[in-house]
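Novice: My questions all concern the structure below.
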4 protein chains.
Amino acid sequence: MANDKSPLSGIFTPNLTLVDEKGQVLEEELRRYTDWLIDKGVHGLYPNGSTGEFTRFRPEERRRIATIIAEQTAGRVPILAGAAEENLQETLKTCEFYAELGVRAVAVVSPFYYKLSPDAVYAYFAEIGKNSPIDVTLYNIPMFASPIDVPTVQRLSEEYPRIIGIKDSSGDLPHMMRMIQAVRPNRPDFTFMTGWDAALLPMLLMGCNGGTNATSGIAPEWTKQLFEDATSGNFEAAKAMQYRILQLFDRAIGTGDFPDGFRVALQLRGFKTGWGRQPQTAAQKQQLEELRGILAPLLDETAISEALHS
Amino acid sequence: MANDKSPLSGIFTPNLTLVDEKGQVLEEELRRYTDWLIDKGVHGLYPNGSTGEFTRFRPEERRRIATIIAEQTAGRVPILAGAAEENLQETLKTCEFYAELGVRAVAVVSPFYYKLSPDAVYAYFAEIGKNSPIDVTLYNIPMFASPIDVPTVQRLSEEYPRIIGIKDSSGDLPHMMRMIQAVRPNRPDFTFMTGWDAALLPMLLMGCNGGTNATSGIAPEWTKQLFEDATSGNFEAAKAMQYRILQLFDRAIGTGDFPDGFRVALQLRGFKTGWGRQPQTAAQKQQLEELRGILAPLLDETAISEALHS
Amino acid sequence: MANDKSPLSGIFTPNLTLVDEKGQVLEEELRRYTDWLIDKGVHGLYPNGSTGEFTRFRPEERRRIATIIAEQTAGRVPILAGAAEENLQETLKTCEFYAELGVRAVAVVSPFYYKLSPDAVYAYFAEIGKNSPIDVTLYNIPMFASPIDVPTVQRLSEEYPRIIGIKDSSGDLPHMMRMIQAVRPNRPDFTFMTGWDAALLPMLLMGCNGGTNATSGIAPEWTKQLFEDATSGNFEAAKAMQYRILQLFDRAIGTGDFPDGFRVALQLRGFKTGWGRQPQTAAQKQQLEELRGILAPLLDETAISEALHS
Amino acid sequence: MANDKSPLSGIFTPNLTLVDEKGQVLEEELRRYTDWLIDKGVHGLYPNGSTGEFTRFRPEERRRIATIIAEQTAGRVPILAGAAEENLQETLKTCEFYAELGVRAVAVVSPFYYKLSPDAVYAYFAEIGKNSPIDVTLYNIPMFASPIDVPTVQRLSEEYPRIIGIKDSSGDLPHMMRMIQAVRPNRPDFTFMTGWDAALLPMLLMGCNGGTNATSGIAPEWTKQLFEDATSGNFEAAKAMQYRILQLFDRAIGTGDFPDGFRVALQLRGFKTGWGRQPQTAAQKQQLEELRGILAPLLDETAISEALHS
């Protein structure tokens, strides 16, 4: 399946990077988590996204994380690997690494820190489109990185077949529609994925192929169900699920510093997550404990299951 | 129907205020426009909204505009009249005026110029909720006025039965969902209207009761069709129409200063609109002429009609 | 002095509008306040600015407020009267009114609510520059109204002698320098006033002619001293005073909704201010009471006086 | 001098990283540039700042760049080395490296990509303050990285003697004054440097100890002169120079993508700069050529020199 070139579709999990108390990757737990996600029905995995805190790991650690997940997945679902590095050349080397690893595609976030002009964003992705040995999805997350505007997406899609899609985490539905309207006529194969869980269902209804959603790493049963209901026309059920996911998403993203709220949530599903590499104050720890109390009744096995049939 | 107290629903047209070359209201043309909109199937009318440039008219002019429309409508559709004035006392007087005029409800935009705190926004609307003799819809348009946040909407909805709904022009779908989730359990009658045409269909699908959309003043046939298709489950047709409306909306809102692009569009439908009271440069006039050329093929009678059956 | 055409210079007080508990103007108290400000050494008065809550009064009330102040001032200091109305025509009529009243100039805030393009801002002020019978100062306050950018200020200054200056409340020092650099070579008489008390001294040092500062309505002794020290080269004293004014400004602007913190401060100087026309919650009232306790020791007569000699 | 523990003061140059057409560091040219800057009178050097594009080099390259500059400087002026890495642990290792290298202090930018809460920013710098073997300056650049707010700076300054100052590139003068007011009473040795060339003089006048200014890497003669005039009370000359520097700064920062405009400027001073590692479009190259024509007459030797005596 990893060599399958069919368009990306469905819910890809941007997984948390599970670490021990020293911030070192918990390989066995990460493998167990990978199996669990696949068993629960996610359509793909996405290591080294924002949820995975790619910026806080060293390049060789990022490669190792993706390798563990790819090995464990063993082709059961496609993998989208985050490949953005310090500069173009390093990003291209990482694209080569992932091509050899056999993942489905890479996701490359727009350059960050500096806020680049549309011209510069185009120039960066054009070089990747020209030189990458593996399929590339653009990654637009304007709250963190230089925005990729609609004309830039259109131009890149028309010039570089290697660029096969975009993951957009703006959460702006008309923006997504503008991209779809600008790109699909000439690139019907181009994939649109939303990274904003709060708008997953309406994004799917208006034409997105799927999502890369942090809540799918917490409650993969729910996002799977939503996707299936949405694509099979079972709209009322999908809508109810979207409101449920919104509650989980808002609470997890609204407490502490991202992605700490999602760590609390995943701990409630039975995984060791650690607390990453960003130190916390006592006040932050207290808030996260309070979140645990709030999320616990939503995420026990009974509640997870009941939501599927309500 | 004007005395009907059923919840607001459907597409309300925030009408342009038609004026002559001196900026004076064209009463006969406004009456003709009112009839035309009703004939084309809009579910309600909404004078003195942002599209109607309420801030550029004197208070007595605003009342006259609403009165003309109410007289001409003669109860055929409900009217939502913009009632925001300089301060609380003037706004309440205007509410009284509209109560006597017999319109369905008033819409009161959050105070603007100063950016008020949530407490101050609450205090303002609480006084209106307490004292208005006519039903009130809140009007949230954060790009222009002090934002009305979710807890404030929830609190107002629970404390003041006179406040019967909100018109939200943020275009932020998860924000709308958060409001619906917070308010509906205790106020199932509370009405949610979106003012952001670009997201009309997904807003309706996720639970909005309708919209107050400037494009409905240009192509009421299309917004009516979208609303009917959305509510009857004819989703694919509604989706195609939403993409069409997006094109009209983006072009009309993206050229010149709002609402000049909509004036060009309405001229193409056969109405005298004038150019309002805000002077224009030659460069702006030129841009609007170019827009005319772009919009003309979209808005001739054949194109309007064909879109309904494609 | 009211007919004096010399450039505006020094500290103009954007006065609070003193009202009773019903929000009606307290004429006698406003006259007493006018005298007090002039006695304390302000260089000018500025009714109907943002501090005076011009948007919350009806047009005839605004004219009455300015008339009271002009009468009471009786030429002792120049008056800059806020003249922005609903639209161009009304603003021009108000300019005519103020020309007859004999004030030094009007201040016209850029159109607000709608966020106008630079072209539209230009077109609006060009008409005023062409038609006003009284000198005009532009008023740029981008946090509340459409911004007036540097090329627009330059163009207006070169085309319309009636436009004699700008009051800028952005607080952005390089922006002020860019305006000065762009305008002064061709209009050496053009006046630059800063409305951002927190940067008053550095603005003066880099070339501003003066300020329109809310703190001058509270502690006119301090702003007068700062201005005199700045212009006479007594820099260390001016700097110490700027830091003191910053404390007053931050506390007054940072508590409650503007300009309530300034009302508390002025009450401490012995004036009845009322609470304006915007209702308050109990929580807001409590915050303002706490502010009273914080400001009291800064604003008693001894503290006011000691600051002048420290 | 590198072991001197006196407070940082004066103008530190955040140097461009000179590279060849492949993006590899031009060691000899960088050494020549180092000598030139010191000869022209800069008070310190600052490798691996934003101007040096630290995010686009690999960690070992960053260390190499700082090492070249430190070796070449050989203690003639103090060095502030940018030390921010992927995470706390890597940053601390880099602090150790720079302690051994013998530079004066490190500058650590607030974490970027994710927008951290004030608590998280505090927690990060607290760990650095506790564990760094070398003096640390905070680096606040809110347009690119998580903001460091005033209470956080105050708290860090009071708890960690290792933290000796802040470089602030917000350009917000009242913000700088608030920091100075909050910190100096308890930490009179704490250093405040501005990174915003457009406001260098007013920042110095209001209490900053110096600046880290990209224009000092282009026209070190000018920034030296401004600093000397400012500190010796030769205010009018300093003011004229500030306006000149503003022109250079605005043009260099306003064309192309940062820091390309500064590269063009430095080429005009006779250095090979390369174009970094971020690809450019033809349109960007054309803009930079136009900038060359604009900057050339400002930056020839005669113009540089004449400005010093005008």
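In the structure tokens, each chain is lettered A, B, ... as it comes, each chain's residues begin at 1, and ligands are numbered from 1 in order of appearance.
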Residues of chain A within 9 Å of chain D, counting only C-alpha atoms - could you list those as a PyMOL selection string?
Specialist: chain A and resi 50+53+55-58+85-90+112-117+119-124+127+143-145+256-258+277-281+283-284
Novice: Hey, what does DSSP flag as strand (DSSP E) within region 119-166 of chain A? Can you give it to me as a list of chain:residue names?
Specialist: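 These are the residues in question: A:Val136, A:Thr137, A:Leu138, A:Tyr139, A:Asn140, A:Ile163, A:Ile164, A:Gly165, A:Ile166.
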Novice: Can you work out the spacing between CA of Pro220 (chain A) and CA of Lys40 (chain A) in Å, to one decimal?
Specialist: 5.9 Å
Novice: CA of Ser305 (chain B) to CA of Ala240 (chain B): how many Å, to one decimal?
Specialist: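 Spanning CA of Ser305 (chain B) to CA of Ala240 (chain B) is a straight-line distance of 14.2 Å.
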Novice: How many Å separate CA of Asn234 (chain B) from CA of Ala182 (chain A)?
Specialist: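 We find that CA of Asn234 (chain B) and CA of Ala182 (chain A) lie 24.4 Å from each other.
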Novice: What residues in region 34-154 of chain D get the DSSP label alpha helix (DSSP H)? Please answer as JSON, numbers by chain.
Specialist: {"D": [34, 35, 36, 37, 38, 39, 40, 59, 60, 61, 62, 63, 64, 65, 66, 67, 68, 69, 70, 71, 72, 73, 88, 89, 90, 91, 92, 93, 94, 95, 96, 97, 98, 99, 100, 101, 118, 119, 120, 121, 122, 123, 124, 125, 126, 127, 128, 129, 130, 131, 150, 151, 152, 153, 154]}
Novice: Would you list the contacts of Gln24 (chain B) as a ChimeraX atom specification, taking every protein, DNA or RNA residue within 12 Å and counting only C-alpha atoms, but skipping same-chain residues closer than 2 positions in sequence?
Specialist: /B:17-22,26-30,56-58,61-62,64-65,273-277 /C:89
Novice: Need to verify the contact set: region 94-106 of chain D, 6 Å, only C-alpha atoms, exclusion of same-chain residues closer than 5 positions in sequence. Can you return it as a list in words?
Specialist: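 What passes the distance filter is Ala2, Pro78, Ile79, Leu80, Ala81, Gly82, Ala83, Ile134, Asp135 and Val136 of chain D.
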Novice: For those residues, write all heavy atoms to a file as a compact mmCIF listing (two decimals), in the first residue's frame.
Specialist:
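Output below, filename result11.txt:
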```
# COMPACT_ATOMS: atom_id res chain seq x y z
N ALA D 2 36.77 39.73 26.09
CA ALA D 2 35.70 38.74 26.02
C ALA D 2 35.28 38.25 27.41
O ALA D 2 34.16 37.83 27.61
CB ALA D 2 36.14 37.56 25.17
N PRO D 78 33.25 42.72 22.35
CA PRO D 78 32.50 41.59 22.90
C PRO D 78 31.60 40.97 21.84
O PRO D 78 31.14 41.65 20.92
CB PRO D 78 31.67 42.21 24.02
CG PRO D 78 31.58 43.66 23.70
CD PRO D 78 32.83 44.01 22.94
N ILE D 79 31.32 39.69 22.02
CA ILE D 79 30.46 38.96 21.08
C ILE D 79 29.25 38.41 21.82
O ILE D 79 29.36 37.86 22.91
CB ILE D 79 31.24 37.82 20.40
CG1 ILE D 79 32.26 38.44 19.43
CG2 ILE D 79 30.29 36.87 19.67
CD1 ILE D 79 33.20 37.46 18.81
N LEU D 80 28.11 38.61 21.18
CA LEU D 80 26.83 38.08 21.65
C LEU D 80 26.45 37.03 20.61
O LEU D 80 26.24 37.36 19.45
CB LEU D 80 25.84 39.25 21.64
CG LEU D 80 24.44 39.07 22.16
CD1 LEU D 80 24.42 38.68 23.63
CD2 LEU D 80 23.67 40.39 21.97
N ALA D 81 26.39 35.78 21.04
CA ALA D 81 26.15 34.72 20.06
C ALA D 81 24.75 34.16 20.18
O ALA D 81 24.32 33.77 21.27
CB ALA D 81 27.17 33.60 20.26
N GLY D 82 24.05 34.11 19.08
CA GLY D 82 22.70 33.52 19.07
C GLY D 82 22.79 32.04 19.38
O GLY D 82 23.55 31.32 18.72
N ALA D 83 22.03 31.58 20.36
CA ALA D 83 22.18 30.20 20.84
C ALA D 83 20.89 29.40 20.85
O ALA D 83 20.85 28.32 21.44
CB ALA D 83 22.78 30.21 22.24
N ILE D 134 26.85 30.54 30.89
CA ILE D 134 27.28 31.80 30.28
C ILE D 134 26.13 32.80 30.42
O ILE D 134 24.96 32.41 30.50
CB ILE D 134 27.66 31.58 28.79
CG1 ILE D 134 28.19 32.87 28.15
CG2 ILE D 134 26.50 31.03 27.99
CD1 ILE D 134 28.79 32.65 26.76
N ASP D 135 26.47 34.08 30.47
CA ASP D 135 25.43 35.11 30.58
C ASP D 135 24.48 35.03 29.40
O ASP D 135 24.88 34.73 28.26
CB ASP D 135 26.06 36.51 30.63
CG ASP D 135 26.64 36.83 32.01
OD1 ASP D 135 26.43 36.03 32.96
OD2 ASP D 135 27.32 37.86 32.12
N VAL D 136 23.22 35.35 29.68
CA VAL D 136 22.15 35.18 28.70
C VAL D 136 21.41 36.50 28.49
O VAL D 136 21.07 37.18 29.46
CB VAL D 136 21.13 34.12 29.18
CG1 VAL D 136 19.95 34.03 28.24
CG2 VAL D 136 21.81 32.77 29.36
```
Novice: Do you know which residues are at most 6 Å from region 152-166 of chain C counting only C-alpha atoms, after dropping those on the same chain fewer than 4 positions away, and could you put them as a PyMOL selection string?
Specialist: chain C and resi 122+129+135-139+183+190-192
